[in-house]
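> Sharing my_file.pdb below, PDB, C-alpha atoms and all ligand atoms:
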ATOM      1  CA  MET A  29      15.434 -16.603   6.257
ATOM      2  CA  LEU A  30      13.140 -13.802   7.276
ATOM      3  CA  ALA A  31       9.782 -14.694   8.702
ATOM      4  CA  GLU A  32       6.836 -14.097   6.443
ATOM      5  CA  PRO A  33       4.083 -11.821   7.678
ATOM      6  CA  SER A  34       1.204 -13.615   9.377
ATOM      7  CA  PRO A  35      -1.978 -12.035   8.031
ATOM      8  CA  THR A  36      -5.085 -11.888  10.185
ATOM      9  CA  TRP A  37      -8.632 -11.043   9.113
ATOM     10  CA  LEU A  38      -7.711  -7.465   9.981
ATOM     11  CA  THR A  39      -4.533  -7.285   7.877
ATOM     12  CA  GLN A  40      -5.350  -9.628   4.978
ATOM     13  CA  PRO A  41      -6.723  -6.830   2.749
ATOM     14  CA  TYR A  42      -3.443  -4.935   3.208
ATOM     15  CA  TRP A  43      -1.367  -7.897   1.998
ATOM     16  CA  ASP A  44      -3.790  -8.563  -0.863
ATOM     17  CA  ALA A  45      -3.204  -4.958  -1.939
ATOM     18  CA  THR A  46       0.600  -5.025  -1.646
ATOM     19  CA  ALA A  47       0.618  -8.166  -3.808
ATOM     20  CA  LYS A  48      -0.858  -5.902  -6.514
ATOM     21  CA  HIS A  49       1.638  -3.125  -5.723
ATOM     22  CA  THR A  50      -1.030  -0.981  -4.140
ATOM     23  CA  LEU A  51      -0.610   0.699  -0.769
ATOM     24  CA  ILE A  52      -3.767   1.065   1.297
ATOM     25  CA  ARG A  53      -4.518   2.264   4.804
ATOM     26  CA  PRO A  54      -7.552   2.437   7.062
ATOM     27  CA  LYS A  55      -9.423   5.745   6.978
ATOM     28  CA  CYS A  56     -12.055   6.543   9.572
ATOM     29  CA  SER A  57     -15.490   7.221   8.123
ATOM     30  CA  SER A  58     -16.458   9.371  11.108
ATOM     31  CA  CYS A  59     -13.532  11.753  11.601
ATOM     32  CA  GLY A  60     -11.478  11.205   8.445
ATOM     33  CA  THR A  61      -8.324  10.135  10.261
ATOM     34  CA  SER A  62      -5.984   7.765   8.438
ATOM     35  CA  PHE A  63      -4.189   5.308  10.705
ATOM     36  CA  PHE A  64      -1.897   2.293  10.687
ATOM     37  CA  SER A  65      -1.600  -0.519  11.607
ATOM     38  CA  PRO A  66      -5.204  -1.551  11.039
ATOM     39  CA  GLN A  67      -7.178  -1.873  14.258
ATOM     40  CA  ILE A  68     -10.786  -2.380  15.139
ATOM     41  CA  ALA A  69     -11.480   1.184  16.227
ATOM     42  CA  CYS A  70     -10.195   4.542  15.029
ATOM     43  CA  PRO A  71      -7.408   5.605  17.445
ATOM     44  CA  LYS A  72      -8.689   9.200  17.375
ATOM     45  CA  CYS A  73     -12.469   8.915  17.830
ATOM     46  CA  THR A  74     -12.914   5.155  18.560
ATOM     47  CA  SER A  75     -15.400   4.748  15.717
ATOM     48  CA  GLU A  76     -15.441   1.248  14.270
ATOM     49  CA  GLN A  77     -16.626   2.582  10.928
ATOM     50  CA  TRP A  78     -13.601   2.764   8.652
ATOM     51  CA  THR A  79     -12.675   1.671   5.165
ATOM     52  CA  TRP A  80      -9.496   0.804   3.272
ATOM     53  CA  GLU A  81      -8.419   3.690   1.068
ATOM     54  CA  GLN A  82      -5.587   3.824  -1.441
ATOM     55  CA  SER A  83      -2.516   5.858  -0.529
ATOM     56  CA  SER A  84      -0.514   8.042  -2.890
ATOM     57  CA  GLY A  85       2.540   6.034  -1.774
ATOM     58  CA  ARG A  86       4.361   9.279  -1.029
ATOM     59  CA  GLY A  87       5.499  10.879   2.159
ATOM     60  CA  GLU A  88       8.563  12.003   4.075
ATOM     61  CA  ILE A  89      11.021  10.461   6.492
ATOM     62  CA  LEU A  90       9.978  10.998  10.107
ATOM     63  CA  SER A  91      12.892   9.095  11.620
ATOM     64  CA  ALA A  92      15.719   6.999  10.245
ATOM     65  CA  ALA A  93      18.143   4.627  11.959
ATOM     66  CA  THR A  94      20.939   2.802  10.198
ATOM     67  CA  VAL A  95      21.253  -0.848  11.195
ATOM     68  CA  TYR A  96      24.802  -2.214  11.022
ATOM     69  CA  LYS A  97      24.356  -5.539  12.812
ATOM     70  CA  PRO A  98      22.027  -7.955  11.013
ATOM     71  CA  PRO A  99      19.115  -9.141  13.161
ATOM     72  CA  HIS A 100      19.297 -12.480  11.310
ATOM     73  CA  PRO A 101      22.208 -14.033   9.412
ATOM     74  CA  GLY A 102      21.994 -13.338   5.715
ATOM     75  CA  ILE A 103      20.416  -9.901   5.944
ATOM     76  CA  ALA A 104      22.515  -7.368   4.121
ATOM     77  CA  VAL A 105      23.720  -4.448   6.221
ATOM     78  CA  PRO A 106      23.808  -1.565   6.586
ATOM     79  CA  TYR A 107      20.167  -0.779   5.938
ATOM     80  CA  VAL A 108      17.922   2.063   7.016
ATOM     81  CA  PHE A 109      14.979   1.388   9.312
ATOM     82  CA  SER A 110      12.569   4.277   9.171
ATOM     83  CA  ALA A 111       9.216   5.684  10.087
ATOM     84  CA  VAL A 112       7.654   7.444   7.111
ATOM     85  CA  ARG A 113       4.920  10.036   7.494
ATOM     86  CA  MET A 114       2.584   9.528   4.556
ATOM     87  CA  ASP A 115       0.970  12.472   2.810
ATOM     88  CA  GLU A 116      -2.434  11.289   4.078
ATOM     89  CA  GLY A 117      -1.218  11.725   7.662
ATOM     90  CA  TRP A 118      -0.463   8.146   8.699
ATOM     91  CA  ASN A 119       2.859   6.555   9.602
ATOM     92  CA  ILE A 120       4.446   3.349   8.366
ATOM     93  CA  LEU A 121       7.530   1.503   9.646
ATOM     94  CA  THR A 122       9.656   0.516   6.704
ATOM     95  CA  ASN A 123      13.109   0.375   5.169
ATOM     96  CA  ILE A 124      14.608   3.065   2.955
ATOM     97  CA  VAL A 125      16.166   1.566  -0.176
ATOM     98  CA  ASN A 126      18.036   2.862  -3.229
ATOM     99  CA  CYS A 127      19.691   5.429  -0.995
ATOM    100  CA  LYS A 128      22.960   5.602   0.943
ATOM    101  CA  PRO A 129      22.253   5.411   4.703
ATOM    102  CA  GLU A 130      23.856   8.791   5.342
ATOM    103  CA  GLU A 131      21.575  10.346   2.731
ATOM    104  CA  ALA A 132      18.355   9.175   4.405
ATOM    105  CA  LYS A 133      17.535  12.346   6.313
ATOM    106  CA  ILE A 134      14.531  13.372   8.339
ATOM    107  CA  GLY A 135      12.184  15.303   6.098
ATOM    108  CA  MET A 136      13.410  13.683   2.873
ATOM    109  CA  ARG A 137      10.612  13.041   0.363
ATOM    110  CA  VAL A 138      10.159   9.347  -0.379
ATOM    111  CA  LYS A 139       7.909   7.118  -2.459
ATOM    112  CA  VAL A 140       6.943   3.484  -2.176
ATOM    113  CA  ASN A 141       9.136   0.816  -3.795
ATOM    114  CA  TRP A 142       7.845  -2.694  -4.528
ATOM    115  CA  ASP A 143      11.042  -4.641  -5.122
ATOM    116  CA  ARG A 144      11.123  -6.585  -1.839
ATOM    117  CA  LYS A 145       9.428  -9.943  -1.371
ATOM    118  CA  ILE A 146       9.526 -12.290   1.592
ATOM    119  CA  GLY A 147       8.069 -15.627   0.610
ATOM    120  CA  ASN A 148       4.860 -14.808  -1.221
ATOM    121  CA  PHE A 149       4.486 -11.401   0.389
ATOM    122  CA  VAL A 150       5.371  -8.098  -1.237
ATOM    123  CA  ILE A 151       6.829  -5.804   1.419
ATOM    124  CA  PRO A 152       6.583  -2.076   0.730
ATOM    125  CA  CYS A 153       9.866  -0.201   1.163
ATOM    126  CA  PHE A 154      10.538   3.435   0.344
ATOM    127  CA  GLU A 155      13.105   5.207  -1.797
ATOM    128  CA  PRO A 156      13.956   8.845  -2.459
ATOM    129  CA  GLU A 157      11.226  10.512  -4.486
ATOM    130  CA  GLN A 158      13.642  11.321  -7.306
ATOM    131  CA  ALA A 159      15.036   7.756  -7.426
ATOM    132  CA  GLY A 160      14.373   5.374 -10.266
ATOM    133  CA  GLY A 161      15.995   4.977 -13.600
ATOM    134  CA  SER A 162      19.600   5.760 -12.832
ATOM    135  CA  LYS A 163      20.245   3.043 -10.277
TER     136      LYS A 163
HETATM  137 ZN    ZN B   1     -12.146   8.556  13.746
END
Hey, can you dump this file as structure tokens for me?

Amino acid sequence: MLAEPSPTWLTQPYWDATAKHTLIRPKCSSCGTSFFSPQIACPKCTSEQWTWEQSSGRGEILSAATVYKPPHPGIAVPYVFSAVRMDEGWNILTNIVNCKPEEAKIGMRVKVNWDRKIGNFVIPCFEPEQAGGSK
């Protein structure tokens, strides 16, 4: 059994949004930088003035590693652990789904997928941008 996320006051809005299949990220009101994970101050200009903004849910693979040994019993392998560079310029650590591991290449266009739940939490994963329908 995978551990559920443990929301804090800082991350609760994020999980409230994923429950509604909406991807949001902090965006600095001073310099316009989008960042993730949420933190008190903007990592670029240290301003504490930022708001949650909706993401397009699209980006490209920045790195991808195929995991063959399950970190917990009962997790299906192989799976692809990846950093995705979102179109708004922020990065998210995620899994690539609906894609063969060898096809998950750096630079591949991906979009958010909402099929995964752990407990009551909806966990955003990503799939190839052209996926959906056939599989
Ligand atoms: Zn800033």
> Would you write out, as CSV, a table of all residues in chain A that have an atom no more than 10 Å from an atom of ligand ZN 1 (chain B), listing for each the closest atom pair and the distance in Å to one decimal, considering only C-alpha atoms and all ligand atoms and ordering rows by chain and rising residue number?

residue,atom,partner,partner_atom,distance
A:Lys55,CA,B:ZN1,ZN,7.8
A:Cys56,CA,B:ZN1,ZN,4.6
A:Ser57,CA,B:ZN1,ZN,6.7
A:Ser58,CA,B:ZN1,ZN,5.1
A:Cys59,CA,B:ZN1,ZN,4.1
A:Gly60,CA,B:ZN1,ZN,6.0
A:Thr61,CA,B:ZN1,ZN,5.4
A:Ser62,CA,B:ZN1,ZN,8.2
A:Phe63,CA,B:ZN1,ZN,9.1
A:Ala69,CA,B:ZN1,ZN,7.8
A:Cys70,CA,B:ZN1,ZN,4.6
A:Pro71,CA,B:ZN1,ZN,6.7
A:Lys72,CA,B:ZN1,ZN,5.1
A:Cys73,CA,B:ZN1,ZN,4.1
A:Thr74,CA,B:ZN1,ZN,5.9
A:Ser75,CA,B:ZN1,ZN,5.4
A:Glu76,CA,B:ZN1,ZN,8.0
A:Gln77,CA,B:ZN1,ZN,8.0
A:Trp78,CA,B:ZN1,ZN,7.8
> List the spatial neighbours of range 110-124 of chain A as a ChimeraX atom specification - criterion: any atom at most 10 Å away, all atoms listed in the file, same-chain residues fewer than 6 positions off excluded.
/A:53-55,61-65,82-94,132-141,151-156
> Write the residues of the selection above to a file with C-alpha atoms, as a PDB file, keeping the file's coordinate frame.

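The file below, out.pdb, is the result:
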ATOM      1  CA  ARG A  53      -4.518   2.264   4.804  1.00  0.00           C
ATOM      2  CA  PRO A  54      -7.552   2.437   7.062  1.00  0.00           C
ATOM      3  CA  LYS A  55      -9.423   5.745   6.978  1.00  0.00           C
ATOM      4  CA  THR A  61      -8.324  10.135  10.261  1.00  0.00           C
ATOM      5  CA  SER A  62      -5.984   7.765   8.438  1.00  0.00           C
ATOM      6  CA  PHE A  63      -4.189   5.308  10.705  1.00  0.00           C
ATOM      7  CA  PHE A  64      -1.897   2.293  10.687  1.00  0.00           C
ATOM      8  CA  SER A  65      -1.600  -0.519  11.607  1.00  0.00           C
ATOM      9  CA  GLN A  82      -5.587   3.824  -1.441  1.00  0.00           C
ATOM     10  CA  SER A  83      -2.516   5.858  -0.529  1.00  0.00           C
ATOM     11  CA  SER A  84      -0.514   8.042  -2.890  1.00  0.00           C
ATOM     12  CA  GLY A  85       2.540   6.034  -1.774  1.00  0.00           C
ATOM     13  CA  ARG A  86       4.361   9.279  -1.029  1.00  0.00           C
ATOM     14  CA  GLY A  87       5.499  10.879   2.159  1.00  0.00           C
ATOM     15  CA  GLU A  88       8.563  12.003   4.075  1.00  0.00           C
ATOM     16  CA  ILE A  89      11.021  10.461   6.492  1.00  0.00           C
ATOM     17  CA  LEU A  90       9.978  10.998  10.107  1.00  0.00           C
ATOM     18  CA  SER A  91      12.892   9.095  11.620  1.00  0.00           C
ATOM     19  CA  ALA A  92      15.719   6.999  10.245  1.00  0.00           C
ATOM     20  CA  ALA A  93      18.143   4.627  11.959  1.00  0.00           C
ATOM     21  CA  THR A  94      20.939   2.802  10.198  1.00  0.00           C
ATOM     22  CA  ALA A 132      18.355   9.175   4.405  1.00  0.00           C
ATOM     23  CA  LYS A 133      17.535  12.346   6.313  1.00  0.00           C
ATOM     24  CA  ILE A 134      14.531  13.372   8.339  1.00  0.00           C
ATOM     25  CA  GLY A 135      12.184  15.303   6.098  1.00  0.00           C
ATOM     26  CA  MET A 136      13.410  13.683   2.873  1.00  0.00           C
ATOM     27  CA  ARG A 137      10.612  13.041   0.363  1.00  0.00           C
ATOM     28  CA  VAL A 138      10.159   9.347  -0.379  1.00  0.00           C
ATOM     29  CA  LYS A 139       7.909   7.118  -2.459  1.00  0.00           C
ATOM     30  CA  VAL A 140       6.943   3.484  -2.176  1.00  0.00           C
ATOM     31  CA  ASN A 141       9.136   0.816  -3.795  1.00  0.00           C
ATOM     32  CA  ILE A 151       6.829  -5.804   1.419  1.00  0.00           C
ATOM     33  CA  PRO A 152       6.583  -2.076   0.730  1.00  0.00           C
ATOM     34  CA  CYS A 153       9.866  -0.201   1.163  1.00  0.00           C
ATOM     35  CA  PHE A 154      10.538   3.435   0.344  1.00  0.00           C
ATOM     36  CA  GLU A 155      13.105   5.207  -1.797  1.00  0.00           C
ATOM     37  CA  PRO A 156      13.956   8.845  -2.459  1.00  0.00           C
TER      38      PRO A 156
END
> CA of Pro35 in chain A and CA of Asn148 in chain A are how many Å apart?
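Between CA of Pro35 in chain A and CA of Asn148 in chain A the gap is 11.8 Å.
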> Taking only C-alpha atoms into account, which of A:Gly147, A:Phe109, A:Trp80, A:Glu157 comes nearest Ser34 in chain A?
A:Gly147
> Please compute the CA of Thr36 in chain A-CA of Pro66 in chain A distance, one decimal, in Å.
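About the pair CA of Thr36 in chain A and CA of Pro66 in chain A: they are 10.4 Å apart.
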> Distance CA of Pro33 in chain A-CA of Thr46 in chain A, one decimal place?
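Separation between CA of Pro33 in chain A and CA of Thr46 in chain A: 12.1 Å.
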> Do you know which residues are at most 8 Å from Tyr96 in chain A counting all atoms listed in the file, after dropping those on the same chain fewer than 6 positions away, and could you put them as a PDB file with C-alpha atoms, in the coordinates of the input?

ATOM      1  CA  VAL A 105      23.720  -4.448   6.221  1.00  0.00           C
ATOM      2  CA  PRO A 106      23.808  -1.565   6.586  1.00  0.00           C
ATOM      3  CA  TYR A 107      20.167  -0.779   5.938  1.00  0.00           C
TER       4      TYR A 107
END
> Ranking A:Ala159, A:Lys128, A:Ile146, A:Pro99 by minimum distance to Trp43 in chain A and counting all atoms listed in the file, which one comes first?
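Checking each of A:Ala159, A:Lys128, A:Ile146, A:Pro99 against Trp43 in chain A, counting all atoms listed in the file, the winner is A:Ile146.
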> Compile the contact shell of Phe149 in chain A as a list in words: residues with an atom at most 12 Å away, counting all atoms listed in the file, same-chain residues fewer than 6 positions apart removed.
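Residues meeting the cut-off are Leu30, Ala31, Glu32, Pro33, Ser34, Pro35, Gln40, Tyr42, Trp43, Asp44, Ala45, Thr46, Ala47, Lys48, His49, Trp142 and Asp143 of chain A.
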